[in-house]
$ cat structure.pdb   # PDB, C-alpha atoms
ATOM      1  CA  MET A   7     -45.361 112.141-156.799
ATOM      2  CA  VAL A   8     -45.139 113.127-153.136
ATOM      3  CA  GLY A   9     -48.728 114.353-153.209
ATOM      4  CA  ARG A  10     -49.939 111.039-154.605
ATOM      5  CA  TYR A  11     -48.071 109.081-151.923
ATOM      6  CA  ALA A  12     -49.349 111.352-149.156
ATOM      7  CA  GLY A  13     -52.879 110.856-150.437
ATOM      8  CA  ARG A  14     -52.468 107.093-150.278
ATOM      9  CA  CYS A  15     -51.139 107.386-146.728
ATOM     10  CA  ILE A  16     -54.272 109.270-145.682
ATOM     11  CA  GLU A  17     -56.456 106.611-147.321
ATOM     12  CA  ASP A  18     -54.599 103.913-145.409
ATOM     13  CA  THR A  19     -55.013 105.837-142.149
ATOM     14  CA  PHE A  20     -58.760 106.186-142.636
ATOM     15  CA  ARG A  21     -59.152 102.545-143.645
ATOM     16  CA  ASN A  22     -57.220 101.327-140.605
ATOM     17  CA  THR A  23     -59.084 103.680-138.291
ATOM     18  CA  LYS A  24     -62.427 102.469-139.578
ATOM     19  CA  GLN A  25     -61.660  98.768-139.785
ATOM     20  CA  HIS A  26     -59.449  98.159-136.767
ATOM     21  CA  LEU A  27     -60.437 100.843-134.279
ATOM     22  CA  GLY A  28     -64.172 100.958-134.930
ATOM     23  CA  GLY A  29     -64.148 104.483-136.318
ATOM     24  CA  GLN A  30     -67.113 103.714-138.583
ATOM     25  CA  ASP A  31     -69.322 102.483-135.702
ATOM     26  CA  PRO A  32     -69.574 105.254-133.132
ATOM     27  CA  GLN A  33     -71.864 104.396-130.246
ATOM     28  CA  THR A  34     -73.257 107.907-130.312
ATOM     29  CA  TRP A  35     -75.522 109.450-132.916
ATOM     30  CA  ARG A  36     -76.492 112.863-131.564
ATOM     31  CA  GLY A  37     -74.876 116.267-131.620
ATOM     32  CA  GLU A  38     -71.101 116.311-131.672
ATOM     33  CA  GLY A  39     -70.808 112.638-130.707
ATOM     34  CA  PRO A  40     -69.983 111.184-134.134
ATOM     35  CA  LYS A  41     -67.375 113.889-134.816
ATOM     36  CA  ARG A  42     -65.759 113.307-131.437
ATOM     37  CA  ALA A  43     -65.767 109.544-131.951
ATOM     38  CA  ALA A  44     -64.041 109.943-135.323
ATOM     39  CA  ALA A  45     -61.493 112.351-133.845
ATOM     40  CA  PHE A  46     -60.835 109.968-130.955
ATOM     41  CA  SER A  47     -60.266 107.090-133.408
ATOM     42  CA  LEU A  48     -57.646 109.147-135.247
ATOM     43  CA  ILE A  49     -55.968 110.152-131.967
ATOM     44  CA  LEU A  50     -55.909 106.504-130.885
ATOM     45  CA  TYR A  51     -54.424 105.538-134.259
ATOM     46  CA  SER A  52     -51.657 108.091-133.752
ATOM     47  CA  ALA A  53     -51.056 106.927-130.180
ATOM     48  CA  VAL A  54     -50.647 103.298-131.293
ATOM     49  CA  TRP A  55     -48.090 104.283-133.937
ATOM     50  CA  LEU A  56     -46.255 106.582-131.513
ATOM     51  CA  TRP A  57     -46.047 103.813-128.913
ATOM     52  CA  TYR A  58     -44.880 101.332-131.544
ATOM     53  CA  ILE A  59     -42.174 103.591-132.954
ATOM     54  CA  GLN A  60     -40.883 104.533-129.494
ATOM     55  CA  THR A  61     -40.790 100.968-128.156
ATOM     56  CA  LYS A  62     -39.944  98.871-131.205
ATOM     57  CA  GLY A  63     -37.996 101.311-133.366
ATOM     58  CA  ALA A  64     -36.664  99.612-136.469
ATOM     59  CA  ARG A  65     -36.699  96.102-134.972
ATOM     60  CA  ILE A  66     -38.912  93.470-136.539
ATOM     61  CA  SER A  67     -41.700  92.862-134.055
ATOM     62  CA  TRP A  68     -44.108  90.895-136.210
ATOM     63  CA  ILE A  69     -44.048  87.156-136.650
ATOM     64  CA  PRO A  70     -42.751  86.331-140.138
ATOM     65  CA  LEU A  71     -45.302  84.479-142.227
ATOM     66  CA  PRO A  72     -44.288  81.936-144.861
ATOM     67  CA  TRP A  73     -46.492  83.486-147.549
ATOM     68  CA  TYR A  74     -44.965  86.960-147.088
ATOM     69  CA  PRO A  75     -41.202  86.448-146.679
ATOM     70  CA  GLY A  76     -40.223  89.819-148.160
ATOM     71  CA  LYS A  77     -42.091  91.994-145.672
ATOM     72  CA  LYS A  78     -39.880  94.895-144.604
ATOM     73  CA  THR A  79     -42.146  97.365-142.814
ATOM     74  CA  PRO A  80     -44.861  96.881-140.209
ATOM     75  CA  SER A  81     -48.519  97.447-140.928
ATOM     76  CA  PHE A  82     -50.907  99.104-138.514
ATOM     77  CA  LEU A  83     -52.211  95.654-137.609
ATOM     78  CA  ASP A  84     -48.667  94.636-136.656
ATOM     79  CA  ALA A  85     -48.332  97.686-134.417
ATOM     80  CA  LEU A  86     -51.742  97.090-132.858
ATOM     81  CA  ALA A  87     -51.035  93.384-132.321
ATOM     82  CA  SER A  88     -47.703  94.256-130.709
ATOM     83  CA  LEU A  89     -49.439  96.605-128.281
ATOM     84  CA  ARG A  90     -52.082  93.985-127.551
ATOM     85  CA  ARG A  91     -49.378  91.386-126.827
ATOM     86  CA  VAL A  92     -47.790  93.704-124.267
ATOM     87  CA  LEU A  93     -51.150  94.444-122.647
ATOM     88  CA  TRP A  94     -52.227  90.792-122.596
ATOM     89  CA  ARG A  95     -48.880  89.703-121.148
ATOM     90  CA  ARG A  96     -49.264  92.240-118.327
ATOM     91  CA  ARG A  97     -52.859  91.197-117.746
ATOM     92  CA  ILE A  98     -52.230  87.449-117.703
ATOM     93  CA  PHE A  99     -48.963  87.357-115.799
ATOM     94  CA  ILE A 100     -50.090  89.620-112.988
ATOM     95  CA  ASN A 101     -51.598  86.417-111.563
ATOM     96  CA  PRO A 102     -48.816  84.222-110.036
ATOM     97  CA  GLU A 103     -50.640  81.024-111.072
ATOM     98  CA  PHE A 104     -49.824  81.676-114.704
ATOM     99  CA  LEU A 105     -46.109  82.239-114.147
ATOM    100  CA  ALA A 106     -45.663  78.458-114.265
ATOM    101  CA  LEU A 107     -46.834  78.294-117.901
ATOM    102  CA  LEU A 108     -44.239  77.169-120.370
ATOM    103  CA  PRO A 109     -42.921  80.158-122.345
ATOM    104  CA  GLU A 110     -43.970  78.546-125.647
ATOM    105  CA  ILE A 111     -47.545  78.081-124.435
ATOM    106  CA  ALA A 112     -47.693  81.606-123.026
ATOM    107  CA  ASP A 113     -46.290  83.146-126.227
ATOM    108  CA  THR A 114     -48.745  81.210-128.399
ATOM    109  CA  LEU A 115     -51.674  82.155-126.178
ATOM    110  CA  ILE A 116     -50.721  85.826-126.202
ATOM    111  CA  TYR A 117     -50.139  85.820-129.963
ATOM    112  CA  LEU A 118     -53.587  84.319-130.586
ATOM    113  CA  LEU A 119     -55.241  86.752-128.193
ATOM    114  CA  SER A 120     -53.533  89.708-129.873
ATOM    115  CA  ARG A 121     -54.806  88.650-133.301
ATOM    116  CA  ALA A 122     -58.324  87.795-132.110
ATOM    117  CA  SER A 123     -58.987  91.046-130.263
TER     118      SER A 123
END
$ encode --input "structure.pdb" --output "structure tokens"
Amino acid sequence: MVGRYAGRCIEDTFRNTKQHLGGQDPQTWRGEGPKRAAAFSLILYSAVWLWYIQTKGARISWIPLPWYPGKKTPSFLDALASLRRVLWRRRIFINPEFLALLPEIADTLIYLLSRAS
């Protein structure tokens, strides 16, 4: 049973790495480039999860959706979107002009940017 679950976890890792981190589209085609690109995608995947676990812990960091009220654990997309929200917030609010934005507008803007990226 453990072996079957571990196998599914690996499948999920590869799927997320390919779909969300561009692991299937390396911009290099010669020599060791494709292998290095794939390895870098897996390292980046691990870094996103490590950051998420260290900063968010067991807290719910995703926005609850009405069609999935029973969600208990984050997906990789939730972790990636959370990281993107932090990065976008730092990028946008470094400019003092944007500090006057209403918090609701800023949160909505950052949420949409994190999902669109």
$ resolve_selection --input "structure.pdb" --expression "the PyMOL selection byres ((chain A and resi 17-33) around 12)" --output "number ranges by chain"
A: 10-16, 34-36, 38-55, 81-87, 121-123
$ atom_distance --input "structure.pdb" --atom1 "atom CA of A:Arg91" --atom2 "atom CA of A:Tyr74"
21.2 Å
$ atom_distance --input "structure.pdb" --atom1 "atom CA of A:Tyr58" --atom2 "atom CA of A:Arg95"
16.1 Å
$ atom_distance --input "structure.pdb" --atom1 "atom CA of A:Ser120" --atom2 "atom CA of A:Arg90"
5.1 Å
$ axis_aligned_box --input "structure.pdb" --around "stretch 84-90 of chain A" --padding-each-side "4 Å" --output "JSON"
{"center_x": -49.9, "center_y": 95.5, "center_z": -132.1, "size_x": 12.4, "size_y": 12.3, "size_z": 17.1}
$ residues_around --input "structure.pdb" --residues "stretch 59-71 of chain A" --least-positions-apart "5" --cutoff "8 Å" --atoms "all atoms listed in the file" --output "ChimeraX atom specification"
/A:77,80,84,88
$ residues_around --input "structure.pdb" --residues "A:Trp94" --least-positions-apart "2" --cutoff "10 Å" --atoms "only C-alpha atoms" --output "list in words"
Ser88, Leu89, Arg90, Arg91, Val92, Arg96, Arg97, Ile98, Phe99, Ile100, Leu115, Ile116, Tyr117, Leu119 and Ser120 of chain A
